[in-house]
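A.B. asks: Below is the file my_file04.pdb, with PDB, C-alpha atoms and all ligand atoms.
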```
MODEL        1
ATOM      1  CA  MET A   1      31.820-176.544  29.761  1.00  0.00           C
ATOM      2  CA  PHE A   2      33.381-173.136  29.577  1.00  0.00           C
ATOM      3  CA  GLN A   3      31.434-170.266  28.018  1.00  0.00           C
ATOM      4  CA  LEU A   4      32.421-167.092  26.241  1.00  0.00           C
ATOM      5  CA  ILE A   5      32.325-164.215  28.775  1.00  0.00           C
ATOM      6  CA  ASN A   6      29.869-161.357  28.251  1.00  0.00           C
ATOM      7  CA  LEU A   7      31.459-157.973  27.622  1.00  0.00           C
ATOM      8  CA  PRO A   8      30.342-155.292  30.113  1.00  0.00           C
ATOM      9  CA  TYR A   9      30.367-152.633  27.349  1.00  0.00           C
ATOM     10  CA  ALA A  10      29.149-152.219  23.778  1.00  0.00           C
ATOM     11  CA  PRO A  11      31.587-153.483  21.094  1.00  0.00           C
ATOM     12  CA  GLU A  12      31.989-150.007  19.593  1.00  0.00           C
ATOM     13  CA  SER A  13      32.456-148.214  22.921  1.00  0.00           C
ATOM     14  CA  LEU A  14      36.245-148.683  23.053  1.00  0.00           C
ATOM     15  CA  GLU A  15      36.762-146.743  19.823  1.00  0.00           C
ATOM     16  CA  PRO A  16      39.024-145.216  18.665  1.00  0.00           C
ATOM     17  CA  ALA A  17      41.592-147.134  20.765  1.00  0.00           C
ATOM     18  CA  ILE A  18      40.063-150.513  19.789  1.00  0.00           C
ATOM     19  CA  SER A  19      37.663-150.665  16.846  1.00  0.00           C
ATOM     20  CA  ARG A  20      34.370-152.519  16.765  1.00  0.00           C
ATOM     21  CA  GLU A  21      35.872-154.662  13.989  1.00  0.00           C
ATOM     22  CA  THR A  22      38.812-155.723  16.179  1.00  0.00           C
ATOM     23  CA  ILE A  23      36.427-156.605  19.038  1.00  0.00           C
ATOM     24  CA  GLY A  24      34.398-158.620  16.529  1.00  0.00           C
ATOM     25  CA  PHE A  25      37.370-160.767  15.537  1.00  0.00           C
ATOM     26  CA  HIS A  26      39.351-160.761  18.774  1.00  0.00           C
ATOM     27  CA  TYR A  27      36.468-161.448  21.171  1.00  0.00           C
ATOM     28  CA  GLY A  28      33.939-162.933  18.767  1.00  0.00           C
ATOM     29  CA  LYS A  29      36.265-165.250  16.811  1.00  0.00           C
ATOM     30  CA  HIS A  30      39.649-165.755  18.529  1.00  0.00           C
ATOM     31  CA  LEU A  31      38.358-166.051  22.109  1.00  0.00           C
ATOM     32  CA  GLN A  32      35.364-168.125  21.014  1.00  0.00           C
ATOM     33  CA  THR A  33      37.752-170.545  19.284  1.00  0.00           C
ATOM     34  CA  TYR A  34      39.876-170.947  22.435  1.00  0.00           C
ATOM     35  CA  VAL A  35      36.679-171.728  24.386  1.00  0.00           C
ATOM     36  CA  ASP A  36      35.495-174.271  21.808  1.00  0.00           C
ATOM     37  CA  ASN A  37      38.941-175.911  21.604  1.00  0.00           C
ATOM     38  CA  LEU A  38      39.329-176.199  25.384  1.00  0.00           C
ATOM     39  CA  ASN A  39      35.871-177.737  25.782  1.00  0.00           C
ATOM     40  CA  LYS A  40      36.769-180.403  23.200  1.00  0.00           C
ATOM     41  CA  LEU A  41      40.195-181.079  24.738  1.00  0.00           C
ATOM     42  CA  ILE A  42      39.004-181.495  28.351  1.00  0.00           C
ATOM     43  CA  ALA A  43      35.889-183.579  27.661  1.00  0.00           C
ATOM     44  CA  GLY A  44      36.199-186.790  29.693  1.00  0.00           C
ATOM     45  CA  THR A  45      39.477-185.745  31.379  1.00  0.00           C
ATOM     46  CA  GLU A  46      40.398-184.750  34.942  1.00  0.00           C
ATOM     47  CA  TYR A  47      40.318-181.105  33.808  1.00  0.00           C
ATOM     48  CA  GLU A  48      36.617-181.132  32.965  1.00  0.00           C
ATOM     49  CA  SER A  49      35.476-179.984  36.410  1.00  0.00           C
ATOM     50  CA  MET A  50      38.428-177.718  37.308  1.00  0.00           C
ATOM     51  CA  PRO A  51      38.284-173.924  37.434  1.00  0.00           C
ATOM     52  CA  LEU A  52      40.269-172.205  34.684  1.00  0.00           C
ATOM     53  CA  GLU A  53      42.976-170.984  37.082  1.00  0.00           C
ATOM     54  CA  GLU A  54      43.646-174.538  38.271  1.00  0.00           C
ATOM     55  CA  ILE A  55      43.837-175.892  34.719  1.00  0.00           C
ATOM     56  CA  VAL A  56      46.358-173.180  33.838  1.00  0.00           C
ATOM     57  CA  CYS A  57      48.545-174.134  36.810  1.00  0.00           C
ATOM     58  CA  LYS A  58      48.385-177.902  36.169  1.00  0.00           C
ATOM     59  CA  ALA A  59      48.021-178.560  32.434  1.00  0.00           C
ATOM     60  CA  GLN A  60      50.534-178.507  29.606  1.00  0.00           C
ATOM     61  CA  GLY A  61      50.409-178.567  25.824  1.00  0.00           C
ATOM     62  CA  GLY A  62      47.146-177.801  24.050  1.00  0.00           C
ATOM     63  CA  ILE A  63      45.035-177.764  27.208  1.00  0.00           C
ATOM     64  CA  PHE A  64      47.388-175.232  28.843  1.00  0.00           C
ATOM     65  CA  ASN A  65      47.517-173.096  25.697  1.00  0.00           C
ATOM     66  CA  ASN A  66      43.747-172.852  25.264  1.00  0.00           C
ATOM     67  CA  ALA A  67      42.954-172.499  28.990  1.00  0.00           C
ATOM     68  CA  GLY A  68      45.693-169.865  29.337  1.00  0.00           C
ATOM     69  CA  GLN A  69      44.379-167.907  26.399  1.00  0.00           C
ATOM     70  CA  ILE A  70      40.831-167.947  27.829  1.00  0.00           C
ATOM     71  CA  LEU A  71      42.012-166.790  31.266  1.00  0.00           C
ATOM     72  CA  ASN A  72      44.246-164.103  29.745  1.00  0.00           C
ATOM     73  CA  HIS A  73      41.533-162.792  27.430  1.00  0.00           C
ATOM     74  CA  ASN A  74      38.923-162.802  30.203  1.00  0.00           C
ATOM     75  CA  LEU A  75      41.224-160.643  32.350  1.00  0.00           C
ATOM     76  CA  TYR A  76      42.004-158.469  29.310  1.00  0.00           C
ATOM     77  CA  PHE A  77      38.466-157.789  28.088  1.00  0.00           C
ATOM     78  CA  LEU A  78      37.017-157.366  31.601  1.00  0.00           C
ATOM     79  CA  GLN A  79      39.590-154.686  32.539  1.00  0.00           C
ATOM     80  CA  PHE A  80      38.224-152.190  29.983  1.00  0.00           C
ATOM     81  CA  MET A  81      35.479-149.592  30.153  1.00  0.00           C
ATOM     82  CA  PRO A  82      34.334-146.876  27.758  1.00  0.00           C
ATOM     83  CA  MET A  83      36.732-143.918  27.661  1.00  0.00           C
ATOM     84  CA  LYS A  84      36.550-141.527  30.616  1.00  0.00           C
ATOM     85  CA  SER A  85      38.814-139.322  32.641  1.00  0.00           C
ATOM     86  CA  GLU A  86      41.642-141.542  33.799  1.00  0.00           C
ATOM     87  CA  GLU A  87      42.812-138.985  36.359  1.00  0.00           C
ATOM     88  CA  SER A  88      39.592-139.105  38.360  1.00  0.00           C
ATOM     89  CA  ALA A  89      39.385-142.883  37.974  1.00  0.00           C
ATOM     90  CA  LEU A  90      42.769-143.301  39.680  1.00  0.00           C
ATOM     91  CA  ASN A  91      42.119-140.996  42.621  1.00  0.00           C
ATOM     92  CA  GLY A  92      42.248-142.548  46.071  1.00  0.00           C
ATOM     93  CA  LEU A  93      42.701-146.173  45.036  1.00  0.00           C
ATOM     94  CA  GLU A  94      45.055-148.557  46.870  1.00  0.00           C
ATOM     95  CA  ILE A  95      46.418-149.753  43.503  1.00  0.00           C
ATOM     96  CA  THR A  96      47.367-146.164  42.616  1.00  0.00           C
ATOM     97  CA  ARG A  97      49.362-145.812  45.842  1.00  0.00           C
ATOM     98  CA  ALA A  98      51.020-149.188  45.203  1.00  0.00           C
ATOM     99  CA  VAL A  99      52.003-148.227  41.634  1.00  0.00           C
ATOM    100  CA  ILE A 100      53.588-144.979  42.881  1.00  0.00           C
ATOM    101  CA  ARG A 101      55.320-146.843  45.735  1.00  0.00           C
ATOM    102  CA  ASP A 102      56.825-149.530  43.461  1.00  0.00           C
ATOM    103  CA  PHE A 103      57.516-147.595  40.229  1.00  0.00           C
ATOM    104  CA  GLY A 104      58.030-144.028  41.485  1.00  0.00           C
ATOM    105  CA  SER A 105      55.152-142.505  39.497  1.00  0.00           C
ATOM    106  CA  LEU A 106      52.267-143.462  37.224  1.00  0.00           C
ATOM    107  CA  GLU A 107      54.204-142.074  34.279  1.00  0.00           C
ATOM    108  CA  ALA A 108      57.254-144.227  35.075  1.00  0.00           C
ATOM    109  CA  PHE A 109      55.028-147.304  35.419  1.00  0.00           C
ATOM    110  CA  LYS A 110      53.309-146.683  32.083  1.00  0.00           C
ATOM    111  CA  ALA A 111      56.603-146.049  30.297  1.00  0.00           C
ATOM    112  CA  GLU A 112      58.129-149.310  31.578  1.00  0.00           C
ATOM    113  CA  PHE A 113      54.936-151.249  30.825  1.00  0.00           C
ATOM    114  CA  GLU A 114      54.738-149.924  27.262  1.00  0.00           C
ATOM    115  CA  GLN A 115      58.448-150.569  26.720  1.00  0.00           C
ATOM    116  CA  LYS A 116      58.156-154.181  27.939  1.00  0.00           C
ATOM    117  CA  GLY A 117      55.081-154.714  25.751  1.00  0.00           C
ATOM    118  CA  ALA A 118      56.724-153.203  22.696  1.00  0.00           C
ATOM    119  CA  THR A 119      59.906-155.269  23.095  1.00  0.00           C
ATOM    120  CA  LEU A 120      58.336-158.651  23.880  1.00  0.00           C
ATOM    121  CA  PHE A 121      59.567-160.780  20.983  1.00  0.00           C
ATOM    122  CA  GLY A 122      56.806-162.621  19.139  1.00  0.00           C
ATOM    123  CA  SER A 123      53.334-163.266  20.566  1.00  0.00           C
ATOM    124  CA  GLY A 124      52.506-162.894  24.228  1.00  0.00           C
ATOM    125  CA  TRP A 125      51.268-160.700  27.048  1.00  0.00           C
ATOM    126  CA  VAL A 126      52.707-157.958  29.223  1.00  0.00           C
ATOM    127  CA  TRP A 127      51.381-157.993  32.781  1.00  0.00           C
ATOM    128  CA  LEU A 128      51.143-155.902  35.897  1.00  0.00           C
ATOM    129  CA  ALA A 129      51.205-158.510  38.652  1.00  0.00           C
ATOM    130  CA  ALA A 130      51.574-158.660  42.429  1.00  0.00           C
ATOM    131  CA  ASP A 131      53.947-160.942  44.299  1.00  0.00           C
ATOM    132  CA  PRO A 132      52.719-162.730  47.461  1.00  0.00           C
ATOM    133  CA  ASP A 133      53.693-159.662  49.548  1.00  0.00           C
ATOM    134  CA  GLY A 134      51.698-157.283  47.337  1.00  0.00           C
ATOM    135  CA  LYS A 135      54.743-155.790  45.606  1.00  0.00           C
ATOM    136  CA  LEU A 136      53.981-154.876  41.993  1.00  0.00           C
ATOM    137  CA  VAL A 137      56.052-156.110  39.075  1.00  0.00           C
ATOM    138  CA  ILE A 138      55.809-155.961  35.276  1.00  0.00           C
ATOM    139  CA  MET A 139      56.201-159.343  33.585  1.00  0.00           C
ATOM    140  CA  GLN A 140      56.589-160.387  29.949  1.00  0.00           C
ATOM    141  CA  GLU A 141      54.987-163.750  29.193  1.00  0.00           C
ATOM    142  CA  PRO A 142      55.251-165.510  25.828  1.00  0.00           C
ATOM    143  CA  ASN A 143      52.291-167.110  24.024  1.00  0.00           C
ATOM    144  CA  ALA A 144      49.592-168.086  26.588  1.00  0.00           C
ATOM    145  CA  GLY A 145      51.701-167.341  29.690  1.00  0.00           C
ATOM    146  CA  ASN A 146      50.134-165.954  32.867  1.00  0.00           C
ATOM    147  CA  PRO A 147      51.902-164.766  36.079  1.00  0.00           C
ATOM    148  CA  LEU A 148      49.647-167.145  38.048  1.00  0.00           C
ATOM    149  CA  THR A 149      51.868-170.092  37.087  1.00  0.00           C
ATOM    150  CA  LYS A 150      54.810-168.368  38.839  1.00  0.00           C
ATOM    151  CA  GLY A 151      52.892-167.554  42.024  1.00  0.00           C
ATOM    152  CA  PHE A 152      52.048-163.953  41.090  1.00  0.00           C
ATOM    153  CA  LYS A 153      48.568-162.426  40.967  1.00  0.00           C
ATOM    154  CA  PRO A 154      47.652-161.074  37.504  1.00  0.00           C
ATOM    155  CA  LEU A 155      46.178-157.550  37.705  1.00  0.00           C
ATOM    156  CA  LEU A 156      46.327-155.799  34.325  1.00  0.00           C
ATOM    157  CA  THR A 157      47.415-157.028  30.929  1.00  0.00           C
ATOM    158  CA  MET A 158      47.957-155.964  27.353  1.00  0.00           C
ATOM    159  CA  ASP A 159      47.789-158.516  24.555  1.00  0.00           C
ATOM    160  CA  VAL A 160      50.681-158.226  22.106  1.00  0.00           C
ATOM    161  CA  TRP A 161      49.560-160.992  19.750  1.00  0.00           C
ATOM    162  CA  GLU A 162      49.190-159.331  16.342  1.00  0.00           C
ATOM    163  CA  HIS A 163      45.469-160.220  16.240  1.00  0.00           C
ATOM    164  CA  ALA A 164      44.940-157.711  19.077  1.00  0.00           C
ATOM    165  CA  TYR A 165      46.031-154.687  17.047  1.00  0.00           C
ATOM    166  CA  TYR A 166      46.798-155.460  13.417  1.00  0.00           C
ATOM    167  CA  LEU A 167      43.432-154.381  11.961  1.00  0.00           C
ATOM    168  CA  ASP A 168      43.676-150.974  13.634  1.00  0.00           C
ATOM    169  CA  TYR A 169      47.425-150.305  13.960  1.00  0.00           C
ATOM    170  CA  GLN A 170      49.152-152.757  11.571  1.00  0.00           C
ATOM    171  CA  ASN A 171      52.809-152.954  12.720  1.00  0.00           C
ATOM    172  CA  ARG A 172      52.526-150.053  15.229  1.00  0.00           C
ATOM    173  CA  ARG A 173      52.357-152.147  18.397  1.00  0.00           C
ATOM    174  CA  ALA A 174      53.744-149.393  20.644  1.00  0.00           C
ATOM    175  CA  ALA A 175      51.104-146.906  19.435  1.00  0.00           C
ATOM    176  CA  HIS A 176      48.378-149.444  20.193  1.00  0.00           C
ATOM    177  CA  LEU A 177      49.659-150.055  23.727  1.00  0.00           C
ATOM    178  CA  GLN A 178      49.866-146.332  24.414  1.00  0.00           C
ATOM    179  CA  ALA A 179      46.248-145.854  23.258  1.00  0.00           C
ATOM    180  CA  LEU A 180      44.832-148.393  25.747  1.00  0.00           C
ATOM    181  CA  TRP A 181      45.426-146.502  29.009  1.00  0.00           C
ATOM    182  CA  PRO A 182      42.222-144.384  28.901  1.00  0.00           C
ATOM    183  CA  LEU A 183      40.185-147.611  28.622  1.00  0.00           C
ATOM    184  CA  ILE A 184      41.533-149.192  31.794  1.00  0.00           C
ATOM    185  CA  ASN A 185      38.931-149.651  34.523  1.00  0.00           C
ATOM    186  CA  TRP A 186      41.136-148.949  37.545  1.00  0.00           C
ATOM    187  CA  GLN A 187      38.318-149.850  39.954  1.00  0.00           C
ATOM    188  CA  GLU A 188      38.500-153.366  38.504  1.00  0.00           C
ATOM    189  CA  ILE A 189      42.333-153.480  38.714  1.00  0.00           C
ATOM    190  CA  ASN A 190      42.064-152.270  42.335  1.00  0.00           C
ATOM    191  CA  ARG A 191      39.483-154.972  43.079  1.00  0.00           C
ATOM    192  CA  ARG A 192      41.852-157.636  41.702  1.00  0.00           C
ATOM    193  CA  TYR A 193      44.725-156.214  43.773  1.00  0.00           C
ATOM    194  CA  GLN A 194      42.686-156.263  46.975  1.00  0.00           C
ATOM    195  CA  SER A 195      41.154-159.728  46.447  1.00  0.00           C
TER     196      SER A 195
HETATM  197 MN    MN B 201      44.313-162.010  21.900  1.00  0.00          MN
ENDMDL
END
```
Would you kindly transcribe this structure into structure tokens?

C.D. replies:
Amino acid sequence: MFQLINLPYAPESLEPAISRETIGFHYGKHLQTYVDNLNKLIAGTEYESMPLEEIVCKAQGGIFNNAGQILNHNLYFLQFMPMKSEESALNGLEITRAVIRDFGSLEAFKAEFEQKGATLFGSGWVWLAADPDGKLVIMQEPNAGNPLTKGFKPLLTMDVWEHAYYLDYQNRRAAHLQALWPLINWQEINRRYQS
């Protein structure tokens, strides 16, 4: 049985970038539903005892969709922290050096990431991922897609399903993506990169 993750912050602490109301629906309703659906779908199957990452790499159809959405949302919600100085948070981290090495600058990385998130057609996820050699890439994945299924390590993600931003930003997806940067816990992204 999979369980809803616990958030390591209070539901209102991501405001104003993400409202308490959006956390209530997105985490409390949408993610809970993916967890409930997956548990029903895998009961009595070979997937019942597999870790989420393995299900995502092996399953298709409804099991893939629900497992993928749980994995993606777990990575999404656990990458945030209450607003703080992003500059100091980025200092001295290996991931910071890798971003500058592979994109030229933090600003260039953010601009490309936001552009790929804003232009992803329909529902999906934009990812910062690492290839097997540690080189960083930005990937657009539709629906429940995750770079893991292509052999890449998922590091940071922004959810571009409308449920992620419509209560707070309506149709302004790009403005929502831009507002998320100060919430990113770069220590956590660095930990994922080094693992
Ligand atoms: Mn979502």

A.B. asks: Would you list the contacts of A:Ala130 as JSON, numbers by chain, taking every protein, DNA or RNA residue within 6 Å and counting all atoms listed in the file, but skipping same-chain residues closer than 4 positions in sequence?

C.D. replies: {"A": [134, 135, 136, 152, 153]}

A.B. asks: Could you give me the residues within 7 Å of ligand MN 201 (chain B), counting all atoms listed in the file, as a ChimeraX atom specification?

C.D. replies: /A:26,30,73,159,161,163-164

A.B. asks: Identify, on the basis of all atoms listed in the file, every residue whose closest approach to stretch 60-71 of chain A does not exceed 6 Å; exclude the query and any residue fewer than 3 positions from it along the same chain; express the result as a list in words.

C.D. replies: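 Here the answer would be Tyr34, Leu38, Val56, Asn74 and Ala144 of chain A.
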
A.B. asks: For A:Leu75, please output as a list in words all residues within 8 Å (counting only C-alpha atoms; exclusion window: fewer than 5 positions along the same chain).

C.D. replies: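 In the requested format, the answer is Leu155, Leu156 and Thr157 of chain A.
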
A.B. asks: Once the PyMOL selection byres (((chain A and resi 98) around 12) and not hetatm) has been evaluated on this model, what residues remain selected, and can you format them as a list in words?

C.D. replies: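 For this structure, the PyMOL selection byres (((chain A and resi 98) around 12) and not hetatm) resolves to Leu90, Gly92, Leu93, Glu94, Ile95, Thr96, Arg97, Val99, Ile100, Arg101, Asp102, Phe103, Gly104, Ser105, Leu106, Phe109, Leu128, Ala129, Ala130, Asp133, Gly134, Lys135, Leu136, Val137, Ile189, Asn190, Tyr193 and Gln194 of chain A.
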
A.B. asks: When you look at A:Tyr165 with a cut-off of 12 Å (counting only C-alpha atoms), what residues show up, excluding the ones that are within fewer than 3 positions of it in the same chain? I need them as a VMD selection string.

C.D. replies: chain A and resid 16 to 23 25 to 26 123 158 to 162 168 to 180

A.B. asks: List every protein, DNA or RNA residue that has at least one atom no more than 12 Å from (36.5, -180.5, 31.6) in the file's coordinates, counting all atoms listed in the file, and write the result as a list of chain:residue names.

C.D. replies: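 Residues found, by chain and rising number: A:Met1, A:Phe2, A:Gln3, A:Val35, A:Asp36, A:Asn37, A:Leu38, A:Asn39, A:Lys40, A:Leu41, A:Ile42, A:Ala43, A:Gly44, A:Thr45, A:Glu46, A:Tyr47, A:Glu48, A:Ser49, A:Met50, A:Pro51, A:Leu52, A:Glu54, A:Ile55, A:Ala59, A:Ile63, A:Ala67.
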
A.B. asks: Of the candidates A:Leu4, A:Met81, A:Met139, A:Ala89, which shows the shortest atom-to-atom distance to A:Thr33, using all atoms listed in the file?

C.D. replies: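 Nearest candidate to A:Thr33 out of A:Leu4, A:Met81, A:Met139, A:Ala89: A:Leu4.
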
A.B. asks: Kindly indicate which residue among A:Ile184, A:Ala118, A:Pro147, A:Lys58 lies nearest to A:Leu14, using all atoms listed in the file for the distances.

C.D. replies: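 Of the candidates, the smallest distance to A:Leu14 is held by A:Ile184.
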
A.B. asks: Any idea what the distance is between atom CA of A:Gln115 and atom CA of A:Pro11?

C.D. replies: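 Computing it gives 27.6 Å between the two atoms.
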
A.B. asks: Counting all atoms listed in the file, which of A:Cys57, A:Ile5, A:Leu31, A:Leu78 gets nearest to A:Asn185?

C.D. replies: A:Leu78

A.B. asks: Calculate how many Å separate atom CA of A:Gly151 from atom CA of A:Asp131, rounding to one decimal.

C.D. replies: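 These two atoms are separated by 7.1 Å.
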